[in-house]
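Student: Here it is, the structure in full.
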Amino acid sequence: MFDRVGDDALTAPSSDLATVRRKFLDVNGEHPMTAADEAHVREHFQPATPEQLTEIAAGRLPLPGYFLADGTPMVADIADCLEAAGSIDRLHDWFLEFWPDDPTTAEREWLDFLSGQYVCLRKLNPLSIRNKTRLVEQARVAVDARRADPRDESAQGSLAEAVDGGLAIMGLDQILMPTIAYDRLRFGGPSSRDVWVDAVRAEFNNPQPPALPIHTERLTLRRTIPEDAVANARAWADPDFARYLLLPQQNPAEVAFANLQHSKPPDGPHRMIALTMEHEGTNVGNIVLFFEGTGTSGMEIGWTLHPRAAGQGLATEAARMGLRLAFEHYGVRRVVANLDALNQRSAAMCERLGMRREVHRLADFWSKGRWTDSYEYAILRTEWEAQQG
Ligand SMILES: CC(C)(COP(=O)(O)OP(=O)(O)OC[C@H]1O[C@@H](n2cnc3c(N)ncnc32)[C@H](O)[C@@H]1OP(=O)(O)O)[C@@H](O)C(=O)NCCC(=O)NCCS
């Protein structure tokens with residue numbers, strides 16, 4: 001293993017440094033680095049040691065990813081590769097073992113690895129290289145499928161996994177580093193992250209708000225306005241209203257402040273939308289929809305009804321429209337509701353809406369000074385569509 005000794009590269013045999021510099025320019029050409037580029041490189045790469053420069057000059061270790069303006073060659077940390085390979089002498093053969101059935105690809109990847117140009121990877125190693133290649137291909141297929149049919153559920157899942165990752169899977173977001181201006185110059189265009197994370201999210205994770213207001217049989221669902229704070233604060237003052245809400249008790253100032261924030265309409269892409277329910281000209285509650293995770297295939301729904309409006313089916317009527325918005329307007333494939341298991345009225349509402357209780361968590365939720373059970377209800381788009389008849 002090499003010692004890391006800071007700027008010792010500058011004291012390396014000048015012939016090694018000159019050789020490495022020449023090879024670097026052959027591969028990358030000459031392009032300016034901004035101050036922000038240099039800061040990024042200093043954060044994620046390390047100065048090459050004299051011993052490393054000797055091996056790099058001999059073509060046994062990857063070229064530097066960058067040269068700083070002061071001439072320091074900056075390399076990726078591949079200590080874990082060397083540890084796994086056992087020695088530099090074994091590095092090439094160890095690397096090739098990751099493509100046991102495809103020696104041509106293995107050798108091509110080795111050359112790319114040696115070129116120092118795999119600067120897009122947060123961790124430079126053959127596993128990351130394989131994952132990146134696989135996930136970009138997965139994303140490419142899913143993007144084509146979603147362009148053909150935005151509601152293709154397999155494509156939604158596959159694209160979300162490729163870009164955002166899953167429970168035990170890293171996505172391109174975790175694998176690929178942010179891009180710097182210097183890289184766009186030397187590669188002559190956008191980076192993998194530009195194309196497969198940022199552009200994909202801009203195209204597919206950019207929900208737009210629905211046209212408002214929305215009318216149901218008895219309700220108008222509209223944007224919240226600051227004046228709604230008066231009725232909302234009155235509801236919060238009732239202990240029965242707040243008892244099972246997932247939020248802590250709110251005082252009038254907190255209600256007014258939250259209300260003001262909800263009254264700022266989402267004009268463009270957004271992660272949540274809150275709609276006030278108006279009945280006969282009066283604010284009687286609200287429904288809220290949140291996107292789950294970082295994708296746009298699942299939403300969570302929530303609701304509150306002011307006590308004086310209870311018992312008429314108004315909350316159910318509003319929530320039915322909430323589900324319609326989730327499935328028809330936002331095009332998600334699954335909607336969930338989470339509640340305190342003691343909240344029987346809310347659980348009854350889920351049942352009225354045709355949601356299925358999928359989870360009963362025992363004493364998992366600390367709320368208002370006590371441990372309580374919680375329920376998760378869910379409904380799939382296919383189930384919701386079947387309900388519509
Ligand atoms: C949860 C909450 C929204 C439920 O309110 P609700 O009044 O029970 O729900 P609805 O408005 O849908 O009304 C349903 C009732 O109206 C009756 N009803 C009358 N006309 C109806 C109609 N046209 N359609 C449906 N139900 C009707 C139903 O039979 C039901 O009565 P029941 O409770 O005697 O069975 C309300 O209790 C609440 O806001 N609580 C405080 C905040 C909260 O806990 N939010 C949920 C957090 S998870």
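All residue names refer to the structure tokens as shown: chains lettered A, B, ... in order, residues numbered from 1 in each chain, ligands numbered from 1 in order.
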Using only C-alpha atoms and all ligand atoms, what are the residues with an atom within 9 Å of ligand 1, set out as a ChimeraX atom specification?
Tutor: /A:235-236,240-247,285-286,301-319,337-341,343-349,352
Student: Please identify every residue of stretch 303-343 of chain A that has at least one atom no farther than 9 Å from an atom of stretch 139-151 of chain A, counting only C-alpha atoms, and for each give the shortest atom pair and the distance in Å to one decimal, arranged by chain then increasing number, as CSV.
Tutor:
```
residue,atom,partner,partner_atom,distance
A:Gly331,CA,A:Arg151,CA,6.3
A:Val332,CA,A:Arg151,CA,7.8
A:Arg333,CA,A:Arg151,CA,8.1
```
Student: Using only C-alpha atoms, which residues sit within 7 Å of A:Asp364 once same-chain residues fewer than 4 positions away are excluded, as a list in words?
Tutor: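 My reading of the contact set: Trp371, Thr372, Asp373 and Ser374 of chain A.
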Student: Between A:Cys350, A:Val119, A:Leu380, A:Ala36, which has the minimum distance to A:Val335 (counting only C-alpha atoms)?
Tutor: A:Leu380
Student: As a count of residues only, please: every residue in stretch 199-268 of chain A that a backbone DSSP assignment puts in strand (DSSP E).
Tutor: 7
Student: Pull the helix (DSSP H, G or I) assignments for stretch 178-365 of chain A out of DSSP run on the backbone, and list those residues as a ChimeraX atom specification.
Tutor: /A:181-187,192-204,226-236,239-242,252-262,307-309,314-329,344-352
